[in-house]
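Visitor: One file: start_16.cif (mmCIF, C-alpha atoms, pLDDT in the B column; chains and numbers go by the auth columns).
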data_model
#
loop_
_atom_site.group_PDB
_atom_site.id
_atom_site.type_symbol
_atom_site.label_atom_id
_atom_site.label_comp_id
_atom_site.label_asym_id
_atom_site.label_seq_id
_atom_site.Cartn_x
_atom_site.Cartn_y
_atom_site.Cartn_z
_atom_site.B_iso_or_equiv
_atom_site.auth_seq_id
_atom_site.auth_asym_id
ATOM 1 C CA MET A 1 9.361 -6.543 -6.576 60.00 1 A
ATOM 2 C CA SER A 2 5.914 -7.829 -7.524 82.00 2 A
ATOM 3 C CA HIS A 3 3.064 -5.569 -8.543 91.00 3 A
ATOM 4 C CA TYR A 4 -0.627 -6.328 -8.169 95.00 4 A
ATOM 5 C CA LEU A 5 -3.428 -5.150 -10.406 96.00 5 A
ATOM 6 C CA THR A 6 -5.810 -2.947 -8.470 97.00 6 A
ATOM 7 C CA PHE A 7 -9.300 -1.864 -9.478 98.00 7 A
ATOM 8 C CA VAL A 8 -9.985 1.791 -8.731 98.00 8 A
ATOM 9 C CA PHE A 9 -13.528 2.938 -8.007 98.00 9 A
ATOM 10 C CA ALA A 10 -14.613 6.546 -7.512 96.00 10 A
ATOM 11 C CA ASP A 11 -17.449 7.909 -5.417 94.00 11 A
ATOM 12 C CA GLU A 12 -18.420 11.295 -3.994 94.00 12 A
ATOM 13 C CA THR A 13 -16.021 10.930 -1.029 94.00 13 A
ATOM 14 C CA GLY A 14 -12.888 9.696 -2.788 96.00 14 A
ATOM 15 C CA PHE A 15 -11.419 6.561 -4.327 97.00 15 A
ATOM 16 C CA GLY A 16 -11.673 2.888 -3.442 97.00 16 A
ATOM 17 C CA PHE A 17 -9.094 0.255 -4.309 97.00 17 A
ATOM 18 C CA THR A 18 -9.299 -3.538 -4.424 97.00 18 A
ATOM 19 C CA ALA A 19 -6.635 -6.024 -5.461 97.00 19 A
ATOM 20 C CA PRO A 20 -8.205 -9.350 -6.443 97.00 20 A
ATOM 21 C CA ASP A 21 -4.977 -11.278 -5.857 97.00 21 A
ATOM 22 C CA ILE A 22 -4.529 -10.007 -2.279 96.00 22 A
ATOM 23 C CA PRO A 23 -7.082 -11.619 0.057 93.00 23 A
ATOM 24 C CA GLY A 24 -8.863 -9.082 2.231 93.00 24 A
ATOM 25 C CA PHE A 25 -7.301 -5.981 0.691 95.00 25 A
ATOM 26 C CA THR A 26 -9.530 -2.981 0.185 95.00 26 A
ATOM 27 C CA ALA A 27 -8.683 0.660 0.685 95.00 27 A
ATOM 28 C CA HIS A 28 -10.847 3.751 0.628 95.00 28 A
ATOM 29 C CA THR A 29 -9.333 7.199 0.557 94.00 29 A
ATOM 30 C CA GLU A 30 -11.221 10.370 1.332 94.00 30 A
ATOM 31 C CA THR A 31 -9.606 12.649 -1.202 94.00 31 A
ATOM 32 C CA SER A 32 -10.467 13.810 -4.689 93.00 32 A
ATOM 33 C CA ASP A 33 -6.753 14.015 -5.564 95.00 33 A
ATOM 34 C CA PHE A 34 -5.945 10.798 -7.425 96.00 34 A
ATOM 35 C CA ASP A 35 -2.177 10.964 -6.791 94.00 35 A
ATOM 36 C CA GLU A 36 -2.774 11.361 -3.058 94.00 36 A
ATOM 37 C CA ALA A 37 -5.290 8.502 -3.122 96.00 37 A
ATOM 38 C CA ALA A 38 -2.858 6.225 -4.964 94.00 38 A
ATOM 39 C CA SER A 39 -0.120 7.041 -2.452 92.00 39 A
ATOM 40 C CA GLU A 40 -2.457 6.191 0.447 93.00 40 A
ATOM 41 C CA ALA A 41 -3.460 2.939 -1.274 94.00 41 A
ATOM 42 C CA ARG A 42 0.230 1.959 -1.668 92.00 42 A
ATOM 43 C CA THR A 43 0.780 2.545 2.048 90.00 43 A
ATOM 44 C CA ILE A 44 -2.344 0.599 3.022 93.00 44 A
ATOM 45 C CA LEU A 45 -1.319 -2.305 0.758 93.00 45 A
ATOM 46 C CA ALA A 46 2.183 -2.368 2.286 89.00 46 A
ATOM 47 C CA THR A 47 0.664 -2.477 5.781 89.00 47 A
ATOM 48 C CA HIS A 48 -1.759 -5.227 4.711 91.00 48 A
ATOM 49 C CA ILE A 49 1.078 -7.296 3.207 89.00 49 A
ATOM 50 C CA ALA A 50 3.175 -6.870 6.363 86.00 50 A
ATOM 51 C CA ALA A 51 0.215 -8.076 8.471 87.00 51 A
ATOM 52 C CA MET A 52 -0.226 -11.098 6.189 87.00 52 A
ATOM 53 C CA ILE A 53 3.442 -11.997 6.551 82.00 53 A
ATOM 54 C CA ASP A 54 3.326 -11.502 10.328 78.00 54 A
ATOM 55 C CA ALA A 55 0.324 -13.869 10.427 83.00 55 A
ATOM 56 C CA GLY A 56 2.259 -16.501 8.470 84.00 56 A
ATOM 57 C CA ILE A 57 0.191 -16.075 5.307 87.00 57 A
ATOM 58 C CA ALA A 58 2.176 -16.520 2.104 85.00 58 A
ATOM 59 C CA LEU A 59 2.048 -13.649 -0.339 85.00 59 A
ATOM 60 C CA PRO A 60 0.018 -14.830 -3.351 89.00 60 A
ATOM 61 C CA LYS A 61 1.475 -14.863 -6.838 91.00 61 A
ATOM 62 C CA ALA A 62 0.276 -11.937 -8.914 92.00 62 A
ATOM 63 C CA ARG A 63 -1.735 -13.142 -11.893 95.00 63 A
ATOM 64 C CA THR A 64 -1.085 -11.832 -15.368 93.00 64 A
ATOM 65 C CA LEU A 65 -3.458 -9.360 -16.977 93.00 65 A
ATOM 66 C CA THR A 66 -4.640 -12.147 -19.301 95.00 66 A
ATOM 67 C CA GLU A 67 -5.441 -14.392 -16.319 96.00 67 A
ATOM 68 C CA LEU A 68 -7.306 -11.612 -14.536 96.00 68 A
ATOM 69 C CA ARG A 69 -9.325 -10.706 -17.649 96.00 69 A
ATOM 70 C CA ALA A 70 -10.305 -14.387 -18.031 97.00 70 A
ATOM 71 C CA ASP A 71 -11.580 -14.623 -14.434 97.00 71 A
ATOM 72 C CA ALA A 72 -15.390 -14.551 -14.725 97.00 72 A
ATOM 73 C CA ASP A 73 -15.699 -13.558 -11.048 97.00 73 A
ATOM 74 C CA LEU A 74 -14.042 -10.226 -11.902 97.00 74 A
ATOM 75 C CA ALA A 75 -16.314 -9.265 -14.805 97.00 75 A
ATOM 76 C CA GLU A 76 -18.324 -6.852 -12.665 97.00 76 A
ATOM 77 C CA ASP A 77 -15.150 -5.205 -11.321 97.00 77 A
ATOM 78 C CA TRP A 78 -13.810 -4.727 -14.850 97.00 78 A
ATOM 79 C CA ALA A 79 -17.124 -3.159 -15.891 97.00 79 A
ATOM 80 C CA GLU A 80 -17.531 -0.833 -12.889 97.00 80 A
ATOM 81 C CA ALA A 81 -13.942 0.294 -12.234 97.00 81 A
ATOM 82 C CA GLU A 82 -12.979 3.835 -13.181 96.00 82 A
ATOM 83 C CA THR A 83 -9.525 2.545 -14.013 97.00 83 A
ATOM 84 C CA THR A 84 -6.937 0.023 -12.922 97.00 84 A
ATOM 85 C CA MET A 85 -3.428 0.521 -11.692 96.00 85 A
ATOM 86 C CA MET A 86 -0.531 -1.608 -10.572 95.00 86 A
ATOM 87 C CA LEU A 87 0.456 -1.294 -6.911 93.00 87 A
ATOM 88 C CA PRO A 88 3.845 -2.511 -5.709 89.00 88 A
ATOM 89 C CA ALA A 89 4.090 -5.283 -3.134 86.00 89 A
ATOM 90 C CA LEU A 90 6.401 -3.604 -0.649 80.00 90 A
ATOM 91 C CA VAL A 91 7.441 -6.547 1.464 76.00 91 A
ATOM 92 C CA PRO A 92 9.280 -5.927 4.724 68.00 92 A
ATOM 93 C CA ALA A 93 12.301 -8.078 4.000 63.00 93 A
ATOM 94 C CA GLY A 94 14.697 -9.709 6.383 64.00 94 A
ATOM 95 C CA ARG A 95 15.853 -8.906 9.833 67.00 95 A
ATOM 96 C CA THR A 96 16.246 -5.400 11.139 73.00 96 A
ATOM 97 C CA LYS A 97 19.561 -3.647 10.838 78.00 97 A
ATOM 98 C CA ARG A 98 20.810 -0.730 12.924 85.00 98 A
ATOM 99 C CA ILE A 99 21.812 2.349 10.931 90.00 99 A
ATOM 100 C CA ASN A 100 22.877 5.898 11.727 93.00 100 A
ATOM 101 C CA VAL A 101 20.834 8.705 10.206 93.00 101 A
ATOM 102 C CA THR A 102 21.572 12.411 10.285 95.00 102 A
ATOM 103 C CA MET A 103 18.884 15.083 9.895 95.00 103 A
ATOM 104 C CA ASP A 104 18.154 18.543 11.184 96.00 104 A
ATOM 105 C CA GLU A 105 16.630 18.748 14.663 95.00 105 A
ATOM 106 C CA ASN A 106 13.401 20.415 13.508 96.00 106 A
ATOM 107 C CA THR A 107 12.648 17.570 11.093 95.00 107 A
ATOM 108 C CA LEU A 108 13.548 15.048 13.793 95.00 108 A
ATOM 109 C CA ASP A 109 11.160 16.737 16.241 95.00 109 A
ATOM 110 C CA LEU A 110 8.353 16.652 13.660 95.00 110 A
ATOM 111 C CA LEU A 111 9.105 12.993 12.901 93.00 111 A
ATOM 112 C CA ASP A 112 9.033 12.047 16.574 94.00 112 A
ATOM 113 C CA ARG A 113 5.766 13.930 17.119 93.00 113 A
ATOM 114 C CA ALA A 114 4.124 12.242 14.116 90.00 114 A
ATOM 115 C CA ALA A 115 5.371 8.814 15.258 86.00 115 A
ATOM 116 C CA ARG A 116 3.980 9.365 18.773 89.00 116 A
ATOM 117 C CA GLU A 117 0.608 10.415 17.344 88.00 117 A
ATOM 118 C CA ARG A 118 0.502 7.195 15.306 79.00 118 A
ATOM 119 C CA LYS A 119 1.773 5.169 18.280 81.00 119 A
ATOM 120 C CA ILE A 120 4.768 3.813 16.379 81.00 120 A
ATOM 121 C CA THR A 121 8.505 4.090 16.905 83.00 121 A
ATOM 122 C CA ARG A 122 10.796 6.513 15.132 90.00 122 A
ATOM 123 C CA SER A 123 12.332 3.549 13.302 85.00 123 A
ATOM 124 C CA ALA A 124 8.923 2.325 12.140 80.00 124 A
ATOM 125 C CA ALA A 125 8.068 5.829 10.916 85.00 125 A
ATOM 126 C CA LEU A 126 11.324 6.066 8.963 90.00 126 A
ATOM 127 C CA ALA A 127 10.812 2.603 7.456 83.00 127 A
ATOM 128 C CA GLU A 128 7.238 3.511 6.443 80.00 128 A
ATOM 129 C CA ALA A 129 8.446 6.762 4.864 85.00 129 A
ATOM 130 C CA ALA A 130 11.205 4.889 3.027 83.00 130 A
ATOM 131 C CA ARG A 131 8.751 2.332 1.620 72.00 131 A
ATOM 132 C CA GLU A 132 6.451 5.132 0.441 75.00 132 A
ATOM 133 C CA PHE A 133 9.399 6.946 -1.127 81.00 133 A
ATOM 134 C CA ILE A 134 10.499 3.767 -2.936 72.00 134 A
ATOM 135 C CA ALA A 135 6.979 3.126 -4.225 61.00 135 A
ATOM 136 C CA GLY A 136 6.983 6.607 -5.746 63.00 136 A
#
Before anything else, please render the file you have as structure tokens.

Guide:
Amino acid sequence: MSHYLTFVFADETGFGFTAPDIPGFTAHTETSDFDEAASEARTILATHIAAMIDAGIALPKARTLTELRADADLAEDWAEAETTMMLPALVPAGRTKRINVTMDENTLDLLDRAARERKITRSAALAEAAREFIAG
């Protein structure tokens, strides 16, 4: 699994994330909890990567830290970022596969309700939760 360097910026409403190697990726989270913000950024990056793949856009190669530091266009980001972090490139891989899952009915009801609210299927909700779990 590839990881991409992400610049993290803080403001009064939360944290912002940009990944210079992922075209069009920015994320802003409205939380002061850094762990929560990082988790949201991982999810947003995974969704962005999935959209890129669906659009037929190849996932760019992650540059090394040395290459990124040498990029003059990033000097301002290096200077202004609160910190940097590596975000995993969670790529939806391969064709879908049917599985059987067992869980208690209360959790299943909550999952179905949350999926309906987000206008996604139960399977999509489980896959999203699995990717977030894998990313840590």

Visitor: Compare A:Ala10, A:Leu87, A:Met103, A:Ile53 by their minimum atom-to-atom distance to Glu40 of chain A, counting only C-alpha atoms, and give me the closest one.

Guide: A:Leu87

Visitor: When you count all atoms listed in the file, which of these residues is closest to Pro23 of chain A: A:His3, A:Lys61, A:Arg116, A:Arg42?

Guide: A:Lys61

Visitor: Please report the interatomic distance between atom CA of Ala62 of chain A and atom CA of Ile44 of chain A in Å with one decimal.

Guide: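 Straight-line distance from atom CA of Ala62 of chain A to atom CA of Ile44 of chain A works out to 17.5 Å.
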
Visitor: Give the answer as one residue: which of A:Ser123, A:Thr64, A:Asn100, A:Asn106 has the shortest atom-to-atom distance to Ser2 of chain A, using all atoms listed in the file?

Guide: A:Thr64

Visitor: Between A:Lys97, A:Ala125, A:Asp11, A:Leu45, which one has atoms that come closest to Gly24 of chain A, using all atoms listed in the file?

Guide: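 Under the stated criterion, the closest residue is A:Leu45.
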
Visitor: Expanded to explicit residues, what is the PyMOL selection byres ((chain A and resi 6) around 6) for this file, as a PyMOL selection string?

Guide: chain A and resi 5+7+18-19+84-86

Visitor: Those same residues, written as a CSV table (one decimal), in the coordinates of the input with C-alpha atoms?

Guide:
chain,number,residue,atom,x,y,z
A,5,LEU,CA,-3.4,-5.2,-10.4
A,7,PHE,CA,-9.3,-1.9,-9.5
A,18,THR,CA,-9.3,-3.5,-4.4
A,19,ALA,CA,-6.6,-6.0,-5.5
A,84,THR,CA,-6.9,0.0,-12.9
A,85,MET,CA,-3.4,0.5,-11.7
A,86,MET,CA,-0.5,-1.6,-10.6
